[in-house]
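To start, the structure under review is shown below, and the notes come after it.
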Amino acid sequence: MVAVLLPVKKLMYNFYTLVEHIMGQQKIELLIYGITANQVQSGAYALILEQKNGNYRIPIVVGAPEAQSIAMALERVKPERPLTHDLFASFAKAYGIRFSEVFIYKFEEGIFYSEIVCSDGDRNVSIDARTSDAIALALRTGAKIYTTPDVICNVGFISTDQGVKRVEPQEFEHNNHEIELSRYTIEELNKMMLKAASREDYERAAEIRNTIAAKVAANSKKDNQ
């Protein structure tokens, strides 16, 4: 991601906090702007959150499995078998638990601290969670994401770029072999194979082709039983 980053000045933050106080709004709503490969830490990704109706953005470094889970939710890609975040969201829904919000309340020593606010209709409970997990669940449950002016001050930036390249869910598989190809549907695997071939990664394309052949054979065996 090529961008000109303008640091958030303390004076700007004091004015921003004053405006928020006058408006009675101490929580700042965030939206997901995109995911891009981390240029500093190999094997990691940067999840970019942006202020709703504002110019500030927050970068959060997440691992490949969490980034893939978030990307799949953004693109509405449904795996053949549920991922951990899908399972947790389904479990909560089955028992009538609603995720009302995700609150990123602190940034300290390079770590974001977040909590998920849940409700069963009678009481609200705040549960400590990793920020990446909380956001992955928010995408699956419709919960809003908030932070504080202090977090914006510490890590927020203003970017003049025109967009962040969104990483496709399939791209994470190329960098993270812990996630099995068998999780994907045949249609998704065909797309992945074509992408691998287009970038001349023929070894990867052959691996995907073999997985497709195995899945087709398994489906045929089921049909004949």
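Each chain in the structure tokens gets a letter, A, B and so on, in the order shown; residues start at 1 in every chain, and ligands are counted from 1 in the order they appear.
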- Item | Those of segment 48-192 of chain A in DSSP strand (DSSP E or B), formatted as a PyMOL selection string | chain A and resi 48-51+56-63+98-108+111-119+124-129+144-147+157-159
Surrounding residues of segment 92-107 of chain A excluding itself and chain neighbours under 2 positions, 6 Å, only C-alpha atoms, as a CSV table (one decimal) with N, CA, C and O atoms, in the first residue's frame:
```
chain,number,residue,atom,x,y,z
A,89,ALA,N,-20.3,-18.0,16.1
A,89,ALA,CA,-21.4,-17.1,15.8
A,89,ALA,C,-22.7,-18.0,15.7
A,89,ALA,O,-23.8,-17.5,16.2
A,90,SER,N,-22.6,-19.2,15.2
A,90,SER,CA,-23.8,-20.0,15.1
A,90,SER,C,-24.2,-20.5,16.5
A,90,SER,O,-25.4,-20.6,16.8
A,111,ILE,N,-0.2,-3.5,21.4
A,111,ILE,CA,-1.3,-4.4,21.5
A,111,ILE,C,-2.6,-3.7,21.6
A,111,ILE,O,-2.7,-2.8,22.4
A,112,PHE,N,-3.6,-4.1,20.7
A,112,PHE,CA,-4.9,-3.5,20.8
A,112,PHE,C,-5.7,-4.4,21.8
A,112,PHE,O,-5.7,-5.7,21.8
A,113,TYR,N,-6.4,-3.8,22.7
A,113,TYR,CA,-7.3,-4.5,23.7
A,113,TYR,C,-8.8,-4.3,23.3
A,113,TYR,O,-9.2,-3.1,23.1
A,114,SER,N,-9.5,-5.3,23.2
A,114,SER,CA,-10.9,-5.3,22.7
A,114,SER,C,-11.8,-6.1,23.6
A,114,SER,O,-11.3,-7.0,24.3
A,115,GLU,N,-13.1,-5.8,23.5
A,115,GLU,CA,-14.1,-6.6,24.2
A,115,GLU,C,-15.3,-6.7,23.3
A,115,GLU,O,-15.6,-5.8,22.5
A,116,ILE,N,-16.0,-7.8,23.5
A,116,ILE,CA,-17.3,-8.0,22.7
A,116,ILE,C,-18.4,-7.9,23.7
A,116,ILE,O,-18.4,-8.5,24.8
A,117,VAL,N,-19.4,-7.0,23.4
A,117,VAL,CA,-20.5,-6.8,24.3
A,117,VAL,C,-21.6,-7.7,23.8
A,117,VAL,O,-22.1,-7.6,22.6
A,118,CYS,N,-22.1,-8.6,24.6
A,118,CYS,CA,-23.1,-9.6,24.3
A,118,CYS,C,-24.4,-9.4,25.1
A,118,CYS,O,-24.3,-8.8,26.3
A,119,SER,N,-25.5,-9.8,24.6
A,119,SER,CA,-26.8,-9.7,25.4
A,119,SER,C,-27.6,-10.9,25.1
A,119,SER,O,-27.7,-11.4,24.0
A,120,ASP,N,-28.3,-11.4,26.2
A,120,ASP,CA,-29.2,-12.5,26.0
A,120,ASP,C,-30.6,-12.0,26.2
A,120,ASP,O,-31.6,-12.8,26.3
A,143,ALA,N,-22.5,-6.9,14.4
A,143,ALA,CA,-22.1,-6.0,15.5
A,143,ALA,C,-21.3,-4.8,15.0
A,143,ALA,O,-20.5,-5.0,14.1
A,144,LYS,N,-21.5,-3.7,15.6
A,144,LYS,CA,-20.8,-2.5,15.2
A,144,LYS,C,-19.4,-2.5,15.9
A,144,LYS,O,-19.3,-3.1,16.9
A,145,ILE,N,-18.5,-1.7,15.3
A,145,ILE,CA,-17.1,-1.7,15.9
A,145,ILE,C,-16.9,-0.2,16.3
A,145,ILE,O,-17.1,0.7,15.6
A,146,TYR,N,-16.4,-0.1,17.6
A,146,TYR,CA,-16.1,1.2,18.1
A,146,TYR,C,-14.7,1.3,18.7
A,146,TYR,O,-14.1,0.3,19.1
A,147,THR,N,-14.2,2.5,18.9
A,147,THR,CA,-12.9,2.7,19.6
A,147,THR,C,-13.0,4.1,20.3
A,147,THR,O,-14.1,4.7,20.3
A,151,VAL,N,-7.3,6.0,21.4
A,151,VAL,CA,-6.7,5.0,20.5
A,151,VAL,C,-6.5,5.7,19.2
A,151,VAL,O,-5.4,5.5,18.5
```
- Message: Calculated over only C-alpha atoms, which of the candidates A:Arg57, A:Arg130, A:His85, A:Lys215 has the smallest distance to Thr185 of chain A?
- Response: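 Closest to Thr185 of chain A of all the choices is A:Lys215.
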- Message: So that I can see what lies close to Pro59 of chain A, please list as a PyMOL selection string the residues with an atom at most 6 Å from it, counting only C-alpha atoms and leaving out residues fewer than 6 positions away in the same chain.
- Response: chain A and resi 46-48
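Going from atom CA of Lys78 of chain A over to atom CA of Glu188 of chain A, you cover 10.0 Å.
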- What is the distance between atom CA of Asn55 of chain A and atom CA of Ile135 of chain A, in Å to one decimal? 20.2 Å
